[in-house]
file protein.txt (compact mmCIF, C-alpha atoms)
# COMPACT_ATOMS: atom_id res chain seq x y z
CA MET A 1496 -19.12 -21.86 25.60
CA ARG A 1497 -16.34 -23.22 27.78
CA GLN A 1498 -12.76 -23.33 26.56
CA ARG A 1499 -11.29 -26.68 25.65
CA ASN A 1500 -8.69 -27.68 28.22
CA GLY A 1501 -6.09 -29.57 26.26
CA PRO A 1502 -2.33 -29.59 25.91
CA GLU A 1503 -0.74 -26.44 24.63
CA ARG A 1504 0.09 -26.50 20.93
CA ASP A 1505 3.65 -26.39 19.69
CA LEU A 1506 3.37 -23.28 17.55
CA LYS A 1507 7.14 -23.02 17.08
CA SER A 1508 7.25 -26.00 14.72
CA PHE A 1509 3.83 -25.42 13.16
CA VAL A 1510 3.88 -24.90 9.38
CA LEU A 1511 0.75 -23.60 7.70
CA PRO A 1512 -0.14 -26.00 4.87
CA GLU A 1513 -0.80 -24.53 1.44
CA ILE A 1514 -4.19 -26.16 0.95
CA GLY A 1515 -7.32 -24.68 -0.51
CA ARG A 1516 -7.27 -21.57 -2.65
CA LEU A 1517 -9.04 -18.35 -3.51
CA LEU A 1518 -10.37 -18.57 -7.06
CA ARG A 1519 -11.02 -15.57 -9.28
CA THR A 1520 -14.18 -16.31 -11.26
CA GLU A 1521 -14.62 -13.30 -13.62
CA ASP A 1522 -18.28 -13.37 -12.51
CA PRO A 1523 -19.58 -9.96 -11.38
CA TRP A 1524 -22.08 -11.70 -9.07
CA GLU A 1525 -19.32 -13.71 -7.39
CA PRO A 1526 -15.89 -12.26 -8.27
CA TYR A 1527 -14.00 -14.60 -5.89
CA ARG A 1528 -14.73 -18.04 -4.47
CA MET A 1529 -12.87 -19.84 -1.69
CA LEU A 1530 -12.36 -23.56 -2.28
CA ASP A 1531 -11.48 -26.25 0.25
CA VAL A 1532 -8.97 -29.09 -0.10
CA HIS A 1533 -11.40 -31.01 -2.36
CA GLY A 1534 -12.12 -28.05 -4.64
CA SER A 1535 -15.60 -27.43 -3.21
CA PRO A 1536 -16.79 -23.94 -2.25
CA VAL A 1537 -16.64 -23.05 1.45
CA GLU A 1538 -20.28 -22.19 2.07
CA PRO A 1539 -19.90 -19.80 5.08
CA VAL A 1540 -17.34 -17.75 3.16
CA THR A 1541 -19.50 -17.75 0.02
CA VAL A 1542 -22.42 -16.33 1.98
CA TYR A 1543 -20.18 -13.69 3.57
CA PHE A 1544 -18.80 -12.67 0.17
CA LYS A 1545 -22.35 -12.20 -1.08
CA GLU A 1546 -23.03 -9.97 1.92
CA LEU A 1547 -19.97 -7.85 1.06
CA MET A 1548 -21.06 -7.48 -2.56
CA ALA A 1549 -24.56 -6.47 -1.45
CA ALA A 1550 -22.98 -3.77 0.74
CA ASP A 1551 -21.43 -2.29 -2.44
CA SER A 1552 -17.90 -3.47 -1.66
CA SER A 1553 -15.28 -3.54 -4.35
CA PRO A 1554 -14.17 -6.92 -5.76
CA LEU A 1555 -10.71 -6.01 -4.49
CA THR A 1556 -12.18 -5.82 -0.99
CA VAL A 1557 -13.61 -9.30 -1.42
CA ARG A 1558 -10.20 -10.55 -2.51
CA SER A 1559 -8.48 -8.89 0.46
CA TYR A 1560 -10.97 -10.40 2.91
CA GLY A 1561 -10.69 -13.76 1.18
CA MET A 1562 -6.92 -13.95 1.67
CA ASP A 1563 -7.33 -13.47 5.44
CA LEU A 1564 -10.15 -16.00 5.63
CA LEU A 1565 -8.13 -18.53 3.64
CA ARG A 1566 -5.21 -18.17 6.06
CA TRP A 1567 -7.55 -18.79 9.02
CA TRP A 1568 -9.21 -21.76 7.32
CA ARG A 1569 -5.84 -23.37 6.62
CA PHE A 1570 -5.01 -23.02 10.30
CA LEU A 1571 -8.28 -24.73 11.24
CA TRP A 1572 -7.94 -27.45 8.61
CA SER A 1573 -4.46 -28.36 9.82
CA LEU A 1574 -5.72 -28.73 13.41
CA GLY A 1575 -8.94 -30.52 12.49
CA ILE A 1576 -11.24 -27.81 13.90
CA ARG A 1577 -14.57 -26.85 12.37
CA TRP A 1578 -14.96 -23.15 11.69
CA ASP A 1579 -18.09 -22.91 13.87
CA ARG A 1580 -16.40 -24.76 16.75
CA ALA A 1581 -13.41 -22.44 17.03
CA VAL A 1582 -13.04 -20.77 20.43
CA ARG A 1583 -10.96 -18.02 21.93
CA ARG A 1584 -7.98 -20.32 22.52
CA ASP A 1585 -7.81 -21.09 18.79
CA ALA A 1586 -7.94 -17.39 17.90
CA ARG A 1587 -5.24 -16.66 20.48
CA ASP A 1588 -2.91 -19.32 19.04
CA PHE A 1589 -3.54 -18.14 15.49
CA THR A 1590 -2.79 -14.53 16.44
CA LEU A 1591 0.36 -15.54 18.31
CA TRP A 1592 1.48 -17.65 15.36
CA MET A 1593 1.08 -14.73 12.95
CA GLN A 1594 3.01 -12.49 15.33
CA LEU A 1595 6.08 -14.71 15.75
CA VAL A 1596 6.56 -16.84 12.63
CA ASP A 1597 8.21 -15.85 9.37
CA LYS A 1598 6.00 -15.41 6.36
CA PRO A 1599 6.05 -18.44 4.05
CA ILE A 1600 8.11 -18.07 0.88
CA ARG A 1601 5.91 -19.14 -2.00
CA PRO A 1602 7.73 -19.63 -5.31
CA HIS A 1603 6.80 -17.62 -8.36
CA TRP A 1604 4.92 -19.54 -11.02
CA ARG A 1605 8.09 -19.52 -13.17
CA HIS A 1606 9.99 -21.26 -10.36
CA ARG A 1607 7.46 -23.93 -9.45
CA GLY A 1608 8.85 -27.42 -9.57
CA LYS A 1609 12.33 -26.29 -8.53
CA GLY A 1610 14.01 -26.86 -5.20
CA PRO A 1611 13.25 -24.49 -2.29
CA ALA A 1612 16.83 -23.23 -2.16
CA GLU A 1613 16.89 -22.44 -5.86
CA SER A 1614 13.48 -20.78 -5.79
CA SER A 1615 14.28 -18.60 -2.79
CA SER A 1616 17.58 -17.55 -4.29
CA LEU A 1617 15.80 -16.49 -7.46
CA GLN A 1618 13.24 -14.45 -5.55
CA ARG A 1619 15.55 -12.77 -3.05
CA PRO A 1620 18.77 -11.68 -4.69
CA SER A 1621 21.75 -11.43 -2.41
CA GLY A 1622 23.51 -8.15 -1.74
CA GLY A 1623 20.41 -6.11 -0.88
CA PRO A 1624 19.39 -4.83 2.53
CA ALA A 1625 18.15 -7.35 5.08
CA PRO A 1626 14.36 -7.75 5.35
CA GLY A 1627 12.82 -5.05 7.51
CA THR A 1628 15.86 -2.74 7.39
CA PRO A 1629 15.80 0.73 5.75
CA ASN A 1630 16.71 1.00 2.11
CA PRO A 1631 20.03 2.93 1.82
CA VAL A 1632 18.69 5.10 -1.02
CA THR A 1633 15.08 5.81 -0.06
CA GLY A 1634 15.23 5.36 3.71
CA LYS A 1635 12.00 3.34 3.57
CA PRO A 1636 12.00 0.01 5.42
CA THR A 1637 12.08 -3.03 3.19
CA VAL A 1638 9.49 -5.78 3.40
CA GLY A 1639 10.10 -7.70 6.60
CA ALA A 1640 10.30 -11.45 7.05
CA LYS A 1641 7.37 -11.46 9.48
CA TYR A 1642 3.76 -10.39 9.09
CA ALA A 1643 3.42 -6.63 9.43
CA ALA A 1644 1.27 -5.16 12.18
CA SER A 1645 -1.08 -3.72 9.57
CA THR A 1646 -1.57 -7.18 8.04
CA ARG A 1647 -2.33 -8.72 11.43
CA ALA A 1648 -4.71 -5.90 12.31
CA HIS A 1649 -6.56 -6.29 9.02
CA CYS A 1650 -6.81 -10.05 9.53
CA GLU A 1651 -8.22 -9.63 13.05
CA THR A 1652 -10.85 -7.17 11.84
CA VAL A 1653 -11.91 -9.42 8.96
CA LEU A 1654 -12.27 -12.52 11.14
CA ARG A 1655 -14.10 -10.67 13.92
CA THR A 1656 -16.62 -9.14 11.52
CA PHE A 1657 -17.01 -12.50 9.74
CA TYR A 1658 -17.99 -14.24 12.97
CA ASP A 1659 -20.21 -11.32 14.02
CA PHE A 1660 -22.12 -11.71 10.77
CA HIS A 1661 -22.69 -15.43 11.25
CA LEU A 1662 -23.64 -14.95 14.91
CA GLU A 1663 -26.36 -12.55 13.81
CA CYS A 1664 -27.50 -15.10 11.20
CA ASN A 1665 -27.38 -17.94 13.77
CA THR A 1666 -25.33 -20.07 11.38
CA GLY A 1667 -24.34 -23.64 12.23
CA ALA A 1668 -23.21 -24.50 15.75
CA LEU A 1669 -21.57 -21.13 16.34
CA LEU A 1670 -22.10 -19.84 19.89
CA VAL A 1671 -19.32 -17.30 20.49
CA ASN A 1672 -17.03 -15.08 18.48
CA PRO A 1673 -13.49 -16.45 18.91
CA PHE A 1674 -12.12 -12.96 18.23
CA PRO A 1675 -13.67 -10.93 21.07
CA LEU A 1676 -13.64 -7.23 21.74
CA VAL A 1677 -11.63 -5.76 24.58
CA ARG A 1678 -13.40 -6.05 27.92
CA SER A 1679 -14.31 -2.35 28.08
CA ARG A 1680 -16.11 -2.58 24.73
CA ARG A 1681 -18.20 -5.71 25.27
CA SER A 1682 -21.07 -4.23 27.26
CA GLN A 1683 -21.38 -0.75 25.81
CA ARG A 1684 -20.92 1.20 22.64
CA ALA A 1685 -17.67 3.00 21.94
CA GLN A 1686 -17.28 6.40 23.66
CA PRO A 1687 -20.90 6.71 24.88
CA HIS A 1688 -20.30 10.14 26.49
CA HIS A 1689 -18.46 11.69 23.56
CA ASN A 1690 -18.43 15.48 23.36
CA PRO A 1691 -19.63 16.42 19.83
CA GLU A 1692 -17.33 19.44 19.83
CA ARG A 1693 -14.26 17.20 20.01
CA GLU A 1694 -12.88 14.57 17.69
CA TYR A 1695 -13.35 10.90 18.39
CA GLN A 1696 -10.40 9.14 20.02
CA ARG A 1697 -9.17 5.96 18.46
CA GLN A 1698 -9.70 2.89 20.61
CA ARG A 1699 -8.57 -0.69 20.15
CA ALA A 1700 -11.70 -2.64 19.32
CA GLY A 1701 -10.39 -6.19 19.06
CA LEU A 1702 -8.69 -7.98 21.93
CA TYR A 1703 -6.05 -9.45 19.63
CA ARG A 1704 -5.72 -6.42 17.38
CA PRO A 1705 -2.14 -5.06 17.36
CA THR A 1706 -1.21 -1.40 17.57
CA VAL A 1707 -0.55 -0.01 14.11
CA VAL A 1708 1.67 3.04 13.78
CA GLN A 1709 0.40 5.53 11.22
CA ARG A 1710 2.79 5.78 8.32
CA VAL A 1711 4.18 9.14 7.30
CA PRO A 1712 3.80 9.63 3.52
CA ARG A 1713 7.02 9.93 1.57
CA ARG A 1714 7.69 11.90 -1.57
CA ILE A 1715 10.18 11.01 -4.25
CA PRO A 1716 12.82 13.78 -4.44
CA ASP A 1717 13.26 15.51 -7.78
CA ASP A 1718 16.68 14.01 -8.45
CA LYS A 1719 15.47 10.49 -7.60
CA TYR A 1720 12.35 10.94 -9.73
CA THR A 1721 14.58 11.85 -12.66
CA GLU A 1722 16.54 8.65 -12.14
CA VAL A 1723 13.36 6.57 -12.01
CA PHE A 1724 12.03 8.25 -15.15
CA ALA A 1725 15.32 7.63 -17.01
CA SER A 1726 15.29 3.94 -16.07
CA LEU A 1727 11.95 3.27 -17.81
CA ARG A 1728 12.12 1.44 -21.10
CA SER A 1729 9.02 2.50 -23.06
CA HIS A 1730 6.94 5.57 -23.87
CA ARG A 1731 3.96 3.89 -22.19
CA ASP A 1732 5.80 3.63 -18.87
CA ARG A 1733 7.01 7.24 -19.12
CA ALA A 1734 3.49 8.45 -19.85
CA LEU A 1735 2.10 6.48 -16.89
CA LEU A 1736 4.70 7.91 -14.54
CA ALA A 1737 4.07 11.46 -15.76
CA PHE A 1738 0.30 11.13 -15.30
CA TRP A 1739 0.60 9.55 -11.84
CA VAL A 1740 2.73 12.42 -10.57
CA ALA A 1741 0.69 15.10 -12.35
CA THR A 1742 -2.81 13.97 -11.37
CA GLY A 1743 -2.24 12.32 -7.99
CA ALA A 1744 -4.56 9.51 -9.04
CA ARG A 1745 -4.20 6.10 -7.46
CA ALA A 1746 -2.38 3.56 -9.57
CA GLU A 1747 -5.46 1.46 -10.31
CA GLU A 1748 -7.59 4.55 -10.96
CA LEU A 1749 -5.44 5.76 -13.83
CA LEU A 1750 -5.65 2.31 -15.43
CA THR A 1751 -9.44 2.70 -15.77
CA SER A 1752 -9.11 5.48 -18.35
CA SER A 1753 -10.23 4.93 -21.92
CA GLN A 1754 -8.72 6.57 -24.98
CA GLY A 1755 -11.53 9.11 -25.10
CA ASP A 1756 -10.92 10.16 -21.51
CA ALA A 1757 -7.61 11.84 -22.38
CA VAL A 1758 -8.67 15.28 -23.63
CA VAL A 1759 -5.59 17.08 -24.92
CA GLY A 1760 -7.37 20.38 -25.58
CA GLN A 1761 -8.57 20.67 -21.99
CA GLN A 1762 -5.41 19.02 -20.64
CA THR A 1763 -7.46 16.60 -18.50
CA ILE A 1764 -7.80 12.84 -18.14
CA GLY A 1765 -10.84 11.03 -16.74
CA VAL A 1766 -10.62 8.22 -14.17
CA ILE A 1767 -13.01 6.09 -12.14
CA ARG A 1768 -12.55 6.77 -8.43
CA LYS A 1769 -11.74 3.80 -6.22
CA GLY A 1770 -14.20 4.38 -3.37
CA THR A 1771 -17.19 6.13 -4.93
CA ARG A 1772 -16.67 4.68 -8.45
CA GLU A 1773 -17.58 8.08 -9.83
CA TYR A 1774 -16.07 9.50 -12.99
CA GLN A 1775 -13.78 12.49 -12.42
CA GLU A 1776 -11.61 14.58 -14.71
CA LEU A 1777 -8.15 15.41 -13.39
CA PRO A 1778 -5.74 18.07 -14.67
CA ALA A 1779 -2.37 16.93 -16.01
CA THR A 1780 0.82 18.49 -17.36
CA PRO A 1781 1.59 19.06 -21.07
CA ASP A 1782 4.62 16.75 -20.77
CA ALA A 1783 2.34 13.88 -19.76
CA PHE A 1784 0.28 14.31 -22.94
CA VAL A 1785 3.44 14.47 -25.05
CA TRP A 1786 4.58 11.09 -23.73
CA LEU A 1787 1.05 9.76 -24.14
CA ARG A 1788 0.98 10.77 -27.81
CA LEU A 1789 4.34 9.14 -28.44
CA TYR A 1790 3.08 5.95 -26.80
CA GLN A 1791 -0.20 5.94 -28.74
CA GLU A 1792 1.41 6.44 -32.14
CA GLU A 1793 3.83 3.61 -31.41
CA ALA A 1794 1.08 1.34 -30.05
CA TRP A 1795 -1.35 1.94 -32.92
CA ALA A 1796 1.38 1.17 -35.43
CA LYS A 1797 1.80 -2.23 -33.76
CA GLY A 1798 -1.90 -3.03 -34.02
CA ILE A 1799 -3.30 -2.15 -30.61
CA PRO A 1800 -7.07 -1.48 -30.86
CA ARG A 1801 -7.96 2.13 -31.48
CA GLY A 1802 -11.24 3.72 -30.48
CA HIS A 1803 -12.92 6.23 -28.23
CA LYS A 1804 -14.18 3.51 -25.84
CA GLN A 1805 -11.07 1.33 -26.01
CA PRO A 1806 -8.79 1.14 -22.93
CA LEU A 1807 -6.01 3.70 -22.86
CA TRP A 1808 -3.25 1.47 -21.46
CA TRP A 1809 -2.27 -1.86 -23.04
CA THR A 1810 0.42 -4.47 -22.65
CA LEU A 1811 3.49 -4.10 -24.85
CA ARG A 1812 3.47 -7.66 -26.22
CA ARG A 1813 0.98 -9.85 -27.99
CA PRO A 1814 -1.66 -10.93 -27.28
CA TRP A 1815 -2.80 -7.38 -26.59
CA ARG A 1816 -4.51 -7.06 -23.22
CA PRO A 1817 -5.53 -4.04 -21.14
CA LEU A 1818 -2.85 -3.21 -18.60
CA ASN A 1819 -3.79 -4.24 -15.05
CA TYR A 1820 -2.39 -3.16 -11.70
CA ASP A 1821 -0.12 -6.19 -11.22
CA ALA A 1822 1.58 -5.59 -14.57
CA ALA A 1823 2.03 -1.87 -13.81
CA ARG A 1824 3.53 -2.67 -10.43
CA ALA A 1825 5.91 -5.19 -12.03
CA MET A 1826 7.03 -2.47 -14.46
CA PHE A 1827 7.77 -0.10 -11.58
CA ASN A 1828 9.55 -2.82 -9.61
CA ARG A 1829 11.92 -3.40 -12.53
CA ALA A 1830 12.93 0.26 -12.29
CA ASN A 1831 13.44 -0.20 -8.55
CA GLN A 1832 15.74 -3.15 -9.15
CA ILE A 1833 17.91 -1.08 -11.49
CA LEU A 1834 18.23 1.76 -8.97
CA ASP A 1835 18.32 -0.43 -5.81
CA THR A 1836 15.32 1.45 -4.44
CA ASN A 1837 11.96 0.42 -2.99
CA TRP A 1838 9.62 3.17 -4.10
CA THR A 1839 5.99 2.18 -4.60
CA LEU A 1840 3.34 3.35 -7.02
CA HIS A 1841 1.51 4.97 -4.10
CA ASP A 1842 4.60 7.09 -3.43
CA LEU A 1843 3.89 8.79 -6.76
CA ARG A 1844 0.49 9.86 -5.41
CA HIS A 1845 2.16 11.21 -2.26
CA THR A 1846 4.68 13.07 -4.43
CA ALA A 1847 1.85 14.73 -6.36
CA ALA A 1848 0.16 15.74 -3.10
CA PHE A 1849 3.35 17.30 -1.74
CA LEU A 1850 3.94 19.22 -4.97
CA MET A 1851 0.42 20.66 -4.98
CA LEU A 1852 0.48 21.57 -1.28
CA ASP A 1853 3.89 23.24 -1.66
CA ASP A 1854 2.30 25.71 -4.10
CA PRO A 1855 1.03 28.65 -2.00
CA ALA A 1856 -1.41 29.61 -4.77
CA MET A 1857 -3.09 26.16 -4.67
CA PRO A 1858 -5.99 26.09 -2.16
CA PRO A 1859 -6.03 22.90 -0.06
CA ALA A 1860 -9.73 22.40 -0.87
CA TYR A 1861 -8.79 21.96 -4.54
CA VAL A 1862 -6.05 19.50 -3.61
CA GLN A 1863 -8.59 17.53 -1.58
CA HIS A 1864 -10.91 17.33 -4.59
CA ILE A 1865 -8.14 16.29 -6.98
CA LEU A 1866 -6.90 13.56 -4.63
CA GLY A 1867 -10.44 12.34 -4.02
CA HIS A 1868 -10.35 12.62 -0.22
CA LYS A 1869 -13.64 12.80 1.64
CA HIS A 1870 -12.42 15.12 4.38
CA LEU A 1871 -10.06 18.07 4.23
CA SER A 1872 -8.44 16.90 7.47
CA THR A 1873 -6.96 13.94 5.58
CA LEU A 1874 -4.37 16.33 4.16
CA ASP A 1875 -2.95 16.83 7.65
CA ILE A 1876 -0.68 13.80 7.18
CA TYR A 1877 1.26 15.78 4.58
CA ASN A 1878 2.05 18.50 7.11
CA ARG A 1879 4.24 16.14 9.11
CA PRO A 1880 7.96 16.46 8.44
CA SER A 1881 9.52 13.64 6.47
CA ARG A 1882 12.54 11.64 7.56
CA ASP A 1883 14.85 13.56 5.21
CA ASP A 1884 13.56 16.93 6.44
CA VAL A 1885 14.04 15.95 10.08
CA ILE A 1886 17.60 14.71 9.51
CA ALA A 1887 18.54 17.79 7.47
CA ALA A 1888 17.14 20.11 10.16
CA GLY A 1889 18.97 18.18 12.90
CA LEU A 1890 22.30 18.32 11.06
CA ALA A 1891 21.87 22.05 10.46
CA HIS A 1892 21.19 22.55 14.18
CA HIS A 1893 24.36 20.66 15.13
CA GLY A 1894 26.32 22.75 12.63
CA ARG A 1895 25.08 25.98 14.19
CA GLN A 1896 25.90 24.68 17.67
CA GLN A 1897 29.43 23.80 16.58
CA GLN A 1898 29.97 27.26 15.13
CA ARG A 1899 28.76 28.86 18.37
CA ASP A 1900 31.03 26.70 20.56
CA ASN A 1901 34.04 27.04 18.25
CA PRO A 1902 33.84 30.48 16.65
CA PRO A 1903 36.34 31.23 13.86
CA PRO A 1904 39.41 33.26 14.87
CA ALA A 1905 38.99 37.02 14.66
CA LEU A 1906 40.74 38.72 11.75
CA SER A 1907 43.65 41.01 12.59
CA SER A 1908 43.24 44.74 12.05
CA PRO A 1909 44.04 45.80 8.53
CA ALA A 1910 47.53 47.36 7.90
CA TYR A 1911 49.55 48.47 4.88
CA SER A 1912 52.08 46.03 3.46
CA PRO A 1913 55.73 47.30 3.82
CA ASP A 1914 56.53 46.14 0.30
CA SER A 1915 53.68 48.20 -1.10
CA LEU A 1916 54.88 51.28 0.78
CA ASN A 1917 58.46 50.84 -0.58
CA VAL A 1918 57.15 50.72 -4.12
CA LEU A 1919 54.96 53.75 -3.55
CA PHE A 1920 57.68 55.96 -2.02
CA GLY A 1921 60.64 54.63 -3.98
CA GLY A 1922 62.47 53.08 -1.03
CA PRO A 1923 62.24 52.36 2.66
CA LEU A 1924 60.94 55.11 4.86
CA ARG A 1925 63.34 56.62 7.41
call {"tool": "encode", "arguments": {"input": "protein.txt", "output": "structure tokens"}}
result
Amino acid sequence: MRQRNGPERDLKSFVLPEIGRLLRTEDPWEPYRMLDVHGSPVEPVTVYFKELMAADSSPLTVRSYGMDLLRWWRFLWSLGIRWDRAVRRDARDFTLWMQLVDKPIRPHWRHRGKGPAESSSLQRPSGGPAPGTPNPVTGKPTVGAKYAASTRAHCETVLRTFYDFHLECNTGALLVNPFPLVRSRRSQRAQPHHNPEREYQRQRAGLYRPTVVQRVPRRIPDDKYTEVFASLRSHRDRALLAFWVATGARAEELLTSSQGDAVVGQQTIGVIRKGTREYQELPATPDAFVWLRLYQEEAWAKGIPRGHKQPLWWTLRRPWRPLNYDAARAMFNRANQILDTNWTLHDLRHTAAFLMLDDPAMPPAYVQHILGHKHLSTLDIYNRPSRDDVIAAGLAHHGRQQQRDNPPPALSSPAYSPDSLNVLFGGPLR
């Protein structure tokens, strides 16, 4: 299909309209549905979502893919282009737009109906670090004003696989994939002459896929963890924090536990794993069960449902609802606001991994099983030095260099004090 030769678009002044939406349905057969400007389902996306569910994808995966597809559809709607008539030029402009523009500031539901200036001031308090700059306490970069490379890479992968699926199904008037592979990957499979004794090398698959730098996991230092723990306002939050650091479970995995899954006698708690969806018991500390008991006694006295099959974690206010990930993240963000930090719930999992790997008596194979990793090599990311370790080692090196270049003055040879000798012999010696 030939490219359309038209005037170049003015992407600098282009504003993505907030039209259409991704609807959560509470239907296990169709957990999410993408709607157009008239509220009607977008049929190509509906079919693709069904394909994802048939491939045993998580509903969270469907939601993640849906957000990228909705962004692309809004771009097409604003330019009057049908999804099956999009060409490489459209994909190029969309990718360039995501790379250069600032992310739109969407007001919180509490701030809707207010002016843009008032809403943005309520969402971004003044006095904090600029977007994208390191946090002065944690050293982690804050959320930037532009789309992150990981977000753009995920979006490119989703759109490329979406069009590949419909090309195989011969859907509509689609003739080409507007998100092509790099030229070296179009006519052959990846690494056709790979040596099985060596690891596969990562290659850029998509032409418009950005380079994503692998993040180094960060742990929360002991003193900072104590500050975070002290800033929590309820026994439930303290119990959650203690279990996250003790078990290394993902944030959403711990929220799947029921009241019967917490076995005090065996000092274990059962969770549903994110990828395999298998049930697994994880060891925890006695302190975590102490905070859990304090939370349960307080919650049951308020009227929260009690039972072996009932959820373990509930909201703190009526109407009682099982605690979800968004509410747990909001709880942790409130602690971050008090301490002016930007730790994440996933940093608690990294902290647990570092603590277990620092124990010489803990075999790495057991750590792999507790964390739920498929391969033991995944633990290699924890062997990389952190930012704090690198800076501390560098400062210590400079200190040793300074001592070598400027050695301290040599001490004079020891001698007796004349005053001491006068006292000893009763007067000055002649």
call {"tool": "residues_around", "arguments": {"input": "protein.txt", "residues": "Met1826 in chain A", "least_positions_apart": "5", "cutoff": "10 Å", "atoms": "all atoms listed in the file", "output": "mmCIF file with C-alpha atoms, in the coordinates of the input"}}
result
data_model
loop_
_atom_site.group_PDB
_atom_site.id
_atom_site.type_symbol
_atom_site.label_atom_id
_atom_site.label_comp_id
_atom_site.auth_asym_id
_atom_site.auth_seq_id
_atom_site.Cartn_x
_atom_site.Cartn_y
_atom_site.Cartn_z
ATOM 1 C CA LEU A 1727 11.950 3.270 -17.810
ATOM 2 C CA ARG A 1728 12.120 1.440 -21.100
ATOM 3 C CA ASP A 1732 5.800 3.630 -18.870
ATOM 4 C CA TYR A 1820 -2.390 -3.160 -11.700
ATOM 5 C CA ASP A 1821 -0.120 -6.190 -11.220
ATOM 6 C CA ASN A 1831 13.440 -0.200 -8.550
#
call {"tool": "atom_distance", "arguments": {"input": "protein.txt", "atom1": "CA of Leu1574 in chain A", "atom2": "CA of Asp1531 in chain A"}}
result
14.6 Å
call {"tool": "atom_distance", "arguments": {"input": "protein.txt", "atom1": "CA of Ala1643 in chain A", "atom2": "CA of Trp1592 in chain A"}}
result
12.7 Å
call {"tool": "atom_distance", "arguments": {"input": "protein.txt", "atom1": "CA of Leu1564 in chain A", "atom2": "CA of Thr1706 in chain A"}}
result
20.9 Å
call {"tool": "residues_near_point", "arguments": {"input": "protein.txt", "point": "(-10.6, -18.1, 21.0)", "cutoff": "9 Å", "atoms": "all atoms listed in the file", "output": "PyMOL selection string"}}
result
chain A and resi 1498+1581-1589+1671-1675
call {"tool": "closest_residue", "arguments": {"input": "protein.txt", "among": "A:Thr1666, A:Leu1595, A:Gln1762, A:Leu1676", "to": "Lys1641 in chain A", "atoms": "all atoms listed in the file"}}
result
A:Leu1595
call {"tool": "residues_around", "arguments": {"input": "protein.txt", "residues": "range 1709-1722 of chain A", "least_positions_apart": "2", "cutoff": "10 Å", "atoms": "only C-alpha atoms", "output": "number ranges by chain"}}
result
A: 1632-1635, 1645, 1706-1707, 1724-1727, 1736, 1740, 1830, 1833-1834, 1836, 1838-1839, 1841-1850, 1876-1883
call {"tool": "residues_around", "arguments": {"input": "protein.txt", "residues": "range 1749-1760 of chain A", "least_positions_apart": "5", "cutoff": "7 Å", "atoms": "only C-alpha atoms", "output": "JSON, numbers by chain"}}
result
{"A": [1744, 1765, 1766, 1767, 1784, 1802, 1803, 1804, 1805, 1806, 1807, 1808, 1818, 1819]}
call {"tool": "write_last_selection", "arguments": {"input": "protein.txt", "atoms": "C-alpha atoms", "output": "mmCIF file, in the coordinates of the input"}}
result
data_model
loop_
_atom_site.group_PDB
_atom_site.id
_atom_site.type_symbol
_atom_site.label_atom_id
_atom_site.label_comp_id
_atom_site.auth_asym_id
_atom_site.auth_seq_id
_atom_site.Cartn_x
_atom_site.Cartn_y
_atom_site.Cartn_z
ATOM 1 C CA ALA A 1744 -4.560 9.510 -9.040
ATOM 2 C CA GLY A 1765 -10.840 11.030 -16.740
ATOM 3 C CA VAL A 1766 -10.620 8.220 -14.170
ATOM 4 C CA ILE A 1767 -13.010 6.090 -12.140
ATOM 5 C CA PHE A 1784 0.280 14.310 -22.940
ATOM 6 C CA GLY A 1802 -11.240 3.720 -30.480
ATOM 7 C CA HIS A 1803 -12.920 6.230 -28.230
ATOM 8 C CA LYS A 1804 -14.180 3.510 -25.840
ATOM 9 C CA GLN A 1805 -11.070 1.330 -26.010
ATOM 10 C CA PRO A 1806 -8.790 1.140 -22.930
ATOM 11 C CA LEU A 1807 -6.010 3.700 -22.860
ATOM 12 C CA TRP A 1808 -3.250 1.470 -21.460
ATOM 13 C CA LEU A 1818 -2.850 -3.210 -18.600
ATOM 14 C CA ASN A 1819 -3.790 -4.240 -15.050
#
call {"tool": "residues_around", "arguments": {"input": "protein.txt", "residues": "Gly1701 in chain A", "least_positions_apart": "3", "cutoff": "9 Å", "atoms": "all atoms listed in the file", "output": "mmCIF file with C-alpha atoms, in the frame of the given file"}}
result
data_model
loop_
_atom_site.group_PDB
_atom_site.id
_atom_site.type_symbol
_atom_site.label_atom_id
_atom_site.label_comp_id
_atom_site.auth_asym_id
_atom_site.auth_seq_id
_atom_site.Cartn_x
_atom_site.Cartn_y
_atom_site.Cartn_z
ATOM 1 C CA ALA A 1648 -4.710 -5.900 12.310
ATOM 2 C CA GLU A 1651 -8.220 -9.630 13.050
ATOM 3 C CA THR A 1652 -10.850 -7.170 11.840
ATOM 4 C CA ARG A 1655 -14.100 -10.670 13.920
ATOM 5 C CA PHE A 1674 -12.120 -12.960 18.230
ATOM 6 C CA PRO A 1675 -13.670 -10.930 21.070
ATOM 7 C CA LEU A 1676 -13.640 -7.230 21.740
ATOM 8 C CA VAL A 1677 -11.630 -5.760 24.580
ATOM 9 C CA ARG A 1680 -16.110 -2.580 24.730
ATOM 10 C CA ARG A 1704 -5.720 -6.420 17.380
ATOM 11 C CA PRO A 1705 -2.140 -5.060 17.360
#
call {"tool": "closest_residue", "arguments": {"input": "protein.txt", "among": "A:Met1593, A:Ala1741, A:Val1542, A:Leu1874", "to": "Phe1657 in chain A", "atoms": "all atoms listed in the file"}}
result
A:Val1542
call {"tool": "closest_residue", "arguments": {"input": "protein.txt", "among": "A:Asp1597, A:Gly1623, A:Glu1546, A:Tyr1658", "to": "Tyr1642 in chain A", "atoms": "only C-alpha atoms"}}
result
A:Asp1597
call {"tool": "residues_around", "arguments": {"input": "protein.txt", "residues": "Phe1570 in chain A", "least_positions_apart": "6", "cutoff": "9 Å", "atoms": "only C-alpha atoms", "output": "JSON list (two decimals) with C-alpha atoms, in the coordinates of the input"}}
result
[["chain", "number", "residue", "atom", "x", "y", "z"],
["A", 1511, "LEU", "CA", 0.75, -23.60, 7.70],
["A", 1512, "PRO", "CA", -0.14, -26.00, 4.87],
["A", 1576, "ILE", "CA", -11.24, -27.81, 13.90],
["A", 1589, "PHE", "CA", -3.54, -18.14, 15.49]]
